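Novice: The following block contains the structure, expressed as structure tokens.
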Amino acid sequence: SLTLGIETSCDETALALVDRGRLVAERIATQIDAHALFGGVVPELASREHLRVLAPLFDELLADAGIGPDDIANIAVARGPGLLGSLLVGLSFAKGLALATGARLVGVNHLWAHLTAPALEQEFEYPALGLLVSGGHTQTYLIRSPLEFEVLGRTLDDAAGEAFDKAAKTFNFPYPGGKYIDMLGRRAQPDHSMFPRPYVNNDNLDFSFSGVKTAVVNHVEAHPHLRLPRMPEPGEDVETILTEAGVLDEFSLVCSSYNWCIADALRIKVERALRTVADAGVRSLVVAGGVAANSVIRSTMTTLAETHGLRCVLPPLRLCTDNGAMIAIMGERLVNAGWCHDLDLEAIPRGRAVPWDYRRIVE
Ligand code: ATP
Ligand code: MG
Ligand code: FE
């Protein structure tokens, strides 16, 4: 039977249909261009965009799959954490559809869904250690089973994604700029002394990225030529502009060093988390969220998993960032375990814990 996944927590409007853990169809509309003008996600604009595109996107999804709304058995919707107004658009749509078709409604924790996404493409064993690195979150989890997530460490201030995006903004890279730091950094070996690894000289499992974010801003202030002199023309790449300006090598070194210090701080805390839960019998290391697209983080975590005899589970890039498939598969797992919600399901804004408020399915 089909489970629909609806994702509207931030700046992606995404829908997918999943059947027994397999993707059937998916549609995604990104709002990146709408927010790029402002250099970040504008919440009010995000809600309006979700409202504008969601219903047509749903029609396209049904056409792709060759089904009608009544063929959907379960409606899984991201219920938080995320931007409240954006979540409400997805939630209202889900509730209306559930009411109209009689499909079962199930709210999904967006962060658990990120960590479940790789299961669409590969099987892995639990317990797993989860590293969630996204635009708004940096957390480690002990995932005892597909529905048992326990937070071990979390960021005290900014997420790793914010540290990438802020640095990119300081360099004048196009928005969102994390991928440019990754790309340029690959051209150089990191200088380990350029930026201190953030928040590693302690014995806890938490993260902090606001300090290193400030360090890069200060570095650029002291070296003002570390700013992209102009925006790339359509089809032009950033490297060309930096080469013209004679600063490609210096940019590459700074990006590589910055990327290394973030990746290595993540490594230190993940290793510490593994030691902390040594008794749990962890089998896999799952890395998820948009920042899991980062090549240095991917190779660092691959090596770490090898060292510890774990299977390294890295989603393909399209499953790293927000998508509907991860919501659908998480929802399907909940329903299969006998859990659902009623129409009074509420949205949970960023910063608030998502409650376990499911009710048992009674047939
Ligand atoms: P959350 O799930 O916490 O609400 P989000 O879903 O908006 O946040 P994602 O879409 O998972 O976040 O990830 C977006 C982030 O990933 C951005 O900060 C972006 O810069 C970052 N990112 C994408 N590709 C890379 C890369 N190659 N290197 C570093 N960061 C990257
Ligand atoms: Mg996004
Ligand atoms: Fe997300």
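Letters A, B, ... go to the chains of the structure tokens in the order shown; residues in each chain start at 1; ligands are counted from 1 in the same order.
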Neighbours of ligand 1 within 9 Å, counting only C-alpha atoms and all ligand atoms, as a ChimeraX atom specification?
Specialist: /A:9-12,41,80-83,110-111,114,132-138,159-166,168,175-183,259,288-297,317,319-323,350
Novice: Those same residues - C-alpha atoms - I'd like them written as a compact mmCIF listing (two decimals), in the first residue's frame.
Specialist:
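Okay, out.txt is ready:
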```txt
# COMPACT_ATOMS: atom_id res chain seq x y z
CA SER A 9 9.66 22.33 6.97
CA CYS A 10 12.01 24.83 5.34
CA ASP A 11 12.72 25.90 1.77
CA GLU A 12 11.93 22.71 -0.15
CA VAL A 41 15.56 31.72 4.07
CA GLY A 80 8.73 19.58 12.91
CA PRO A 81 11.10 20.87 13.91
CA GLY A 82 11.04 23.56 11.23
CA LEU A 83 9.62 26.95 10.31
CA HIS A 110 11.94 15.73 10.37
CA LEU A 111 15.29 14.98 12.03
CA HIS A 114 16.90 12.67 7.74
CA LEU A 132 22.87 14.62 11.73
CA VAL A 133 24.50 17.63 10.07
CA SER A 134 21.98 19.90 8.39
CA GLY A 135 21.33 23.58 7.85
CA GLY A 136 19.77 24.00 11.29
CA HIS A 137 21.02 21.05 13.34
CA THR A 138 24.18 19.26 14.42
CA ALA A 159 24.80 24.23 13.26
CA ALA A 160 27.69 23.08 11.06
CA GLY A 161 25.58 24.10 8.05
CA GLU A 162 25.32 27.65 9.39
CA ALA A 163 29.10 27.75 9.79
CA PHE A 164 29.50 26.76 6.13
CA ASP A 165 26.84 29.17 4.92
CA LYS A 166 28.13 32.10 6.99
CA ALA A 168 30.45 31.34 2.21
CA TYR A 175 23.78 31.36 -1.80
CA PRO A 176 23.75 28.68 -0.39
CA GLY A 177 27.51 28.55 -0.38
CA GLY A 178 28.53 25.42 1.55
CA LYS A 179 29.22 23.54 -1.64
CA TYR A 180 31.69 26.18 -2.92
CA ILE A 181 33.82 25.81 0.20
CA ASP A 182 33.84 22.07 -0.39
CA MET A 183 34.69 22.46 -4.08
CA ASN A 259 36.45 22.57 6.00
CA ALA A 288 22.67 12.50 7.25
CA GLY A 289 21.48 16.05 6.50
CA GLY A 290 22.55 18.52 3.82
CA VAL A 291 26.09 18.91 5.17
CA ALA A 292 26.56 15.14 4.73
CA ALA A 293 27.03 16.10 1.06
CA ASN A 294 30.42 17.55 2.07
CA SER A 295 33.27 15.50 0.60
CA VAL A 296 35.67 16.01 3.52
CA ILE A 297 33.02 14.99 6.04
CA LEU A 317 23.31 13.59 -2.35
CA LEU A 319 18.72 12.13 0.03
CA CYS A 320 21.01 14.38 2.11
CA THR A 321 18.97 17.57 1.73
CA ASP A 322 15.24 17.86 2.44
CA ASN A 323 13.09 15.46 0.43
CA ARG A 350 12.58 24.88 15.63
```
Novice: Would you list the contacts of Arg230 (chain A) as a list in words, taking every protein, DNA or RNA residue within 10 Å and counting only C-alpha atoms, but skipping same-chain residues closer than 2 positions in sequence?
Specialist: Asn172, Phe173, Pro174, Arg227, Leu228, Pro232, Glu233, Val238, Ile241 and Leu242 of chain A
Novice: Given the selection you just returned, output its residues as a file containing C-alpha atoms, formatted as a CSV table (one decimal), in the first residue's frame.
Specialist:
```
chain,number,residue,atom,x,y,z
A,172,ASN,CA,30.7,36.5,-1.3
A,173,PHE,CA,29.9,33.1,-2.7
A,174,PRO,CA,26.5,32.6,-4.2
A,227,ARG,CA,36.1,38.2,-1.2
A,228,LEU,CA,34.7,37.1,-4.6
A,232,PRO,CA,29.4,34.6,-11.5
A,233,GLU,CA,27.5,35.1,-14.8
A,238,VAL,CA,33.7,30.7,-9.3
A,241,ILE,CA,36.7,34.6,-11.4
A,242,LEU,CA,39.2,33.7,-8.6
```
Novice: With only C-alpha atoms as the atoms that count, which of A:Asn109, A:Lys95, A:Asp203, A:Gly338 lies nearest to Arg352 (chain A)?
Specialist: A:Asn109
Novice: Leaving out Ala188 (chain A) and any residue of its chain fewer than 6 positions from it, which residues lie within 7 Å of it when counting only C-alpha atoms, given as a list in words?
Specialist: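 The contact residues come out as Ser252, Leu253 and Ser256 of chain A.
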Novice: Which residues in region 102-339 of chain A does DSSP call strand (DSSP E)? List them as JSON, numbers by chain.
Specialist: {"A": [104, 105, 106, 107, 108, 109, 128, 129, 130, 131, 132, 133, 138, 139, 140, 141, 142, 143, 144, 145, 148, 149, 150, 151, 152, 153, 154, 284, 285, 286, 287, 288, 311, 312, 313, 339]}
Novice: Using only C-alpha atoms, determine which residues lie at most 12 Å from Asp344 (chain A), disregarding the query and same-chain residues fewer than 5 positions distant; provide the list as an MDAnalysis selection string.
Specialist: chainID A and resid 79 91:92 94:96 98:99 105:107 357:359
Novice: For Leu17 (chain A), which residue out of A:Ala65, A:Met194, A:Ala119, A:Leu304 is the nearest one, using only C-alpha atoms?
Specialist: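 Of the candidates, the smallest distance to Leu17 (chain A) is held by A:Ala65.
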Novice: List every residue of region 124-271 of chain A that DSSP, applied to the backbone, labels as helix (DSSP H, G or I), and write the result as an mmCIF file with N, CA and C atoms, in the first residue's frame.
Specialist:
```cif
data_model
loop_
_atom_site.group_PDB
_atom_site.id
_atom_site.type_symbol
_atom_site.label_atom_id
_atom_site.label_comp_id
_atom_site.auth_asym_id
_atom_site.auth_seq_id
_atom_site.Cartn_x
_atom_site.Cartn_y
_atom_site.Cartn_z
ATOM 1 N N ALA A 160 26.571 23.134 12.001
ATOM 2 C CA ALA A 160 27.693 23.082 11.057
ATOM 3 C C ALA A 160 27.288 23.723 9.725
ATOM 4 N N GLY A 161 26.064 23.511 9.301
ATOM 5 C CA GLY A 161 25.577 24.102 8.046
ATOM 6 C C GLY A 161 25.605 25.621 8.083
ATOM 7 N N GLU A 162 25.264 26.191 9.254
ATOM 8 C CA GLU A 162 25.319 27.646 9.386
ATOM 9 C C GLU A 162 26.755 28.137 9.291
ATOM 10 N N ALA A 163 27.687 27.365 9.849
ATOM 11 C CA ALA A 163 29.102 27.749 9.788
ATOM 12 C C ALA A 163 29.579 27.749 8.328
ATOM 13 N N PHE A 164 29.152 26.774 7.549
ATOM 14 C CA PHE A 164 29.503 26.755 6.127
ATOM 15 C C PHE A 164 28.856 27.926 5.382
ATOM 16 N N ASP A 165 27.558 28.128 5.650
ATOM 17 C CA ASP A 165 26.836 29.171 4.919
ATOM 18 C C ASP A 165 27.339 30.571 5.269
ATOM 19 N N LYS A 166 27.655 30.781 6.559
ATOM 20 C CA LYS A 166 28.127 32.098 6.988
ATOM 21 C C LYS A 166 29.501 32.401 6.373
ATOM 22 N N ALA A 167 30.384 31.396 6.394
ATOM 23 C CA ALA A 167 31.705 31.578 5.790
ATOM 24 C C ALA A 167 31.542 31.891 4.301
ATOM 25 N N ALA A 168 30.660 31.144 3.645
ATOM 26 C CA ALA A 168 30.446 31.339 2.214
ATOM 27 C C ALA A 168 29.933 32.751 1.938
ATOM 28 N N LYS A 169 29.055 33.234 2.791
ATOM 29 C CA LYS A 169 28.509 34.584 2.635
ATOM 30 C C LYS A 169 29.621 35.622 2.794
ATOM 31 N N THR A 170 30.508 35.368 3.760
ATOM 32 C CA THR A 170 31.633 36.266 3.988
ATOM 33 C C THR A 170 32.559 36.314 2.766
ATOM 34 N N GLY A 178 27.759 26.541 0.996
ATOM 35 C CA GLY A 178 28.534 25.422 1.554
ATOM 36 C C GLY A 178 29.276 24.625 0.499
ATOM 37 N N LYS A 179 28.619 24.393 -0.621
ATOM 38 C CA LYS A 179 29.220 23.535 -1.641
ATOM 39 C C LYS A 179 30.442 24.181 -2.303
ATOM 40 N N TYR A 180 30.513 25.514 -2.331
ATOM 41 C CA TYR A 180 31.688 26.182 -2.918
ATOM 42 C C TYR A 180 32.920 25.999 -2.040
ATOM 43 N N ILE A 181 32.697 26.027 -0.715
ATOM 44 C CA ILE A 181 33.823 25.814 0.201
ATOM 45 C C ILE A 181 34.381 24.409 -0.010
ATOM 46 N N ASP A 182 33.475 23.456 -0.135
ATOM 47 C CA ASP A 182 33.844 22.065 -0.391
ATOM 48 C C ASP A 182 34.657 21.968 -1.692
ATOM 49 N N MET A 183 34.105 22.542 -2.743
ATOM 50 C CA MET A 183 34.689 22.461 -4.079
ATOM 51 C C MET A 183 36.087 23.079 -4.143
ATOM 52 N N LEU A 184 36.224 24.287 -3.604
ATOM 53 C CA LEU A 184 37.530 24.966 -3.644
ATOM 54 C C LEU A 184 38.528 24.290 -2.720
ATOM 55 N N GLY A 185 38.030 23.842 -1.560
ATOM 56 C CA GLY A 185 38.906 23.197 -0.582
ATOM 57 C C GLY A 185 39.600 21.966 -1.145
ATOM 58 N N SER A 210 29.860 28.626 16.632
ATOM 59 C CA SER A 210 29.797 30.077 16.480
ATOM 60 C C SER A 210 31.193 30.701 16.520
ATOM 61 N N GLY A 211 32.106 30.105 17.303
ATOM 62 C CA GLY A 211 33.464 30.643 17.418
ATOM 63 C C GLY A 211 34.221 30.568 16.104
ATOM 64 N N VAL A 212 34.142 29.435 15.453
ATOM 65 C CA VAL A 212 34.894 29.261 14.213
ATOM 66 C C VAL A 212 34.283 30.110 13.095
ATOM 67 N N LYS A 213 32.982 30.325 13.204
ATOM 68 C CA LYS A 213 32.291 31.199 12.259
ATOM 69 C C LYS A 213 32.854 32.629 12.384
ATOM 70 N N THR A 214 33.005 33.079 13.625
ATOM 71 C CA THR A 214 33.580 34.404 13.863
ATOM 72 C C THR A 214 35.035 34.446 13.404
ATOM 73 N N ALA A 215 35.761 33.351 13.629
ATOM 74 C CA ALA A 215 37.178 33.312 13.237
ATOM 75 C C ALA A 215 37.326 33.537 11.732
ATOM 76 N N VAL A 216 36.452 32.951 10.949
ATOM 77 C CA VAL A 216 36.586 33.107 9.491
ATOM 78 C C VAL A 216 36.186 34.526 9.071
ATOM 79 N N VAL A 217 35.168 35.084 9.733
ATOM 80 C CA VAL A 217 34.773 36.470 9.440
ATOM 81 C C VAL A 217 35.944 37.413 9.733
ATOM 82 N N ASN A 218 36.603 37.211 10.887
ATOM 83 C CA ASN A 218 37.760 38.044 11.247
ATOM 84 C C ASN A 218 38.911 37.864 10.259
ATOM 85 N N HIS A 219 39.107 36.628 9.828
ATOM 86 C CA HIS A 219 40.181 36.343 8.882
ATOM 87 C C HIS A 219 39.953 37.105 7.567
ATOM 88 N N VAL A 220 38.715 37.128 7.128
ATOM 89 C CA VAL A 220 38.406 37.831 5.869
ATOM 90 C C VAL A 220 38.525 39.346 6.059
ATOM 91 N N GLU A 221 38.168 39.821 7.243
ATOM 92 C CA GLU A 221 38.335 41.252 7.503
ATOM 93 C C GLU A 221 39.806 41.658 7.450
ATOM 94 N N ALA A 222 40.670 40.751 7.953
ATOM 95 C CA ALA A 222 42.106 41.031 7.936
ATOM 96 C C ALA A 222 42.712 40.821 6.540
ATOM 97 N N VAL A 238 32.958 29.842 -10.256
ATOM 98 C CA VAL A 238 33.650 30.681 -9.287
ATOM 99 C C VAL A 238 35.171 30.632 -9.486
ATOM 100 N N GLU A 239 35.679 29.446 -9.863
ATOM 101 C CA GLU A 239 37.135 29.300 -10.060
ATOM 102 C C GLU A 239 37.675 30.284 -11.105
ATOM 103 N N THR A 240 36.910 30.485 -12.181
ATOM 104 C CA THR A 240 37.352 31.386 -13.242
ATOM 105 C C THR A 240 37.558 32.792 -12.698
ATOM 106 N N ILE A 241 36.591 33.254 -11.909
ATOM 107 C CA ILE A 241 36.684 34.606 -11.354
ATOM 108 C C ILE A 241 37.869 34.718 -10.398
ATOM 109 N N LEU A 242 38.059 33.677 -9.569
ATOM 110 C CA LEU A 242 39.154 33.712 -8.601
ATOM 111 C C LEU A 242 40.510 33.644 -9.297
ATOM 112 N N THR A 243 40.578 32.905 -10.403
ATOM 113 C CA THR A 243 41.827 32.825 -11.165
ATOM 114 C C THR A 243 42.166 34.189 -11.759
ATOM 115 N N GLU A 244 41.154 34.823 -12.358
ATOM 116 C CA GLU A 244 41.342 36.174 -12.916
ATOM 117 C C GLU A 244 41.876 37.147 -11.860
ATOM 118 N N LEU A 248 43.007 32.344 -6.476
ATOM 119 C CA LEU A 248 42.450 30.987 -6.420
ATOM 120 C C LEU A 248 43.159 30.120 -5.376
ATOM 121 N N ASP A 249 44.503 30.140 -5.368
ATOM 122 C CA ASP A 249 45.239 29.272 -4.450
ATOM 123 C C ASP A 249 45.008 29.666 -2.993
ATOM 124 N N GLU A 250 44.973 30.956 -2.747
ATOM 125 C CA GLU A 250 44.766 31.394 -1.365
ATOM 126 C C GLU A 250 43.351 31.025 -0.883
ATOM 127 N N PHE A 251 42.372 31.238 -1.736
ATOM 128 C CA PHE A 251 40.994 30.843 -1.413
ATOM 129 C C PHE A 251 40.913 29.342 -1.137
ATOM 130 N N SER A 252 41.574 28.573 -1.984
ATOM 131 C CA SER A 252 41.519 27.115 -1.839
ATOM 132 C C SER A 252 42.086 26.686 -0.490
ATOM 133 N N LEU A 253 43.203 27.314 -0.100
ATOM 134 C CA LEU A 253 43.828 26.970 1.175
ATOM 135 C C LEU A 253 42.911 27.321 2.347
ATOM 136 N N VAL A 254 42.306 28.503 2.300
ATOM 137 C CA VAL A 254 41.419 28.919 3.396
ATOM 138 C C VAL A 254 40.206 27.987 3.476
ATOM 139 N N CYS A 255 39.620 27.675 2.322
ATOM 140 C CA CYS A 255 38.438 26.795 2.308
ATOM 141 C C CYS A 255 38.789 25.399 2.807
ATOM 142 N N SER A 256 39.932 24.889 2.365
ATOM 143 C CA SER A 256 40.357 23.561 2.776
ATOM 144 C C SER A 256 40.587 23.515 4.291
ATOM 145 N N SER A 257 41.223 24.557 4.827
ATOM 146 C CA SER A 257 41.537 24.594 6.257
ATOM 147 C C SER A 257 40.267 24.722 7.093
ATOM 148 N N TYR A 258 39.357 25.534 6.606
ATOM 149 C CA TYR A 258 38.082 25.732 7.305
ATOM 150 C C TYR A 258 37.265 24.442 7.287
ATOM 151 N N ASN A 259 37.192 23.822 6.122
ATOM 152 C CA ASN A 259 36.447 22.567 5.996
ATOM 153 C C ASN A 259 37.050 21.501 6.915
ATOM 154 N N TRP A 260 38.379 21.424 6.941
ATOM 155 C CA TRP A 260 39.040 20.432 7.785
ATOM 156 C C TRP A 260 38.689 20.633 9.252
ATOM 157 N N CYS A 261 38.725 21.879 9.732
ATOM 158 C CA CYS A 261 38.522 22.076 11.171
ATOM 159 C C CYS A 261 37.099 21.700 11.588
ATOM 160 N N ILE A 262 36.134 21.909 10.697
ATOM 161 C CA ILE A 262 34.757 21.493 11.013
ATOM 162 C C ILE A 262 34.637 19.966 10.965
ATOM 163 N N ALA A 263 35.176 19.370 9.910
ATOM 164 C CA ALA A 263 35.089 17.917 9.761
ATOM 165 C C ALA A 263 35.794 17.210 10.909
ATOM 166 N N ASP A 264 36.951 17.758 11.324
ATOM 167 C CA ASP A 264 37.706 17.084 12.371
ATOM 168 C C ASP A 264 37.048 17.244 13.743
ATOM 169 N N ALA A 265 36.390 18.392 13.967
ATOM 170 C CA ALA A 265 35.634 18.565 15.210
ATOM 171 C C ALA A 265 34.490 17.545 15.258
ATOM 172 N N LEU A 266 33.857 17.326 14.126
ATOM 173 C CA LEU A 266 32.778 16.321 14.059
ATOM 174 C C LEU A 266 33.345 14.926 14.361
ATOM 175 N N ARG A 267 34.508 14.638 13.756
ATOM 176 C CA ARG A 267 35.137 13.321 13.975
ATOM 177 C C ARG A 267 35.414 13.072 15.458
ATOM 178 N N ILE A 268 35.999 14.089 16.113
ATOM 179 C CA ILE A 268 36.359 13.922 17.523
ATOM 180 C C ILE A 268 35.118 13.623 18.369
ATOM 181 N N LYS A 269 34.033 14.350 18.100
ATOM 182 C CA LYS A 269 32.830 14.148 18.907
ATOM 183 C C LYS A 269 32.116 12.833 18.573
ATOM 184 N N VAL A 270 32.171 12.427 17.315
ATOM 185 C CA VAL A 270 31.548 11.139 16.953
ATOM 186 C C VAL A 270 32.331 9.992 17.604
ATOM 187 N N GLU A 271 33.661 10.081 17.607
ATOM 188 C CA GLU A 271 34.461 9.025 18.249
ATOM 189 C C GLU A 271 34.176 8.971 19.738
#
```
Novice: Extract, using only C-alpha atoms, all DNA, RNA and protein residues at most 8 Å from Gly21 (chain A), discarding same-chain residues fewer than 4 positions from it, and format them as a PyMOL selection string.
Specialist: chain A and resi 119-120+329+332
Novice: Can you work out which one of A:Ala305, A:Val18, A:Ala46, A:Ala273 has the shortest atom-to-atom distance to ligand 2, counting only C-alpha atoms and all ligand atoms?
Specialist: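 Distance minimum relative to ligand 2 lands on A:Ala46.
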Novice: Using only C-alpha atoms and all ligand atoms, find the one residue out of A:Gly40, A:Leu23, A:Ile6, A:Val362 that sits nearest to ligand 2.
Specialist: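 Closest to ligand 2, using only C-alpha atoms and all ligand atoms: A:Gly40.
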Novice: Using Å and a single decimal, report how far CA of Leu88 (chain A) sits from CA of Glu363 (chain A).
Specialist: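 It comes out at 28.3 Å.
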Novice: Taking into account only C-alpha atoms, which residue in the set A:Arg104, A:Glu150, A:Arg144, A:Pro234 is nearest to Arg360 (chain A)?
Specialist: A:Arg104
Novice: Between A:Asp157, A:Asp33, A:Glu44, A:Glu123, which has the minimum distance to ligand 2 (counting only C-alpha atoms and all ligand atoms)?
Specialist: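 Using only C-alpha atoms and all ligand atoms, the shortest distance to ligand 2 belongs to A:Asp33.
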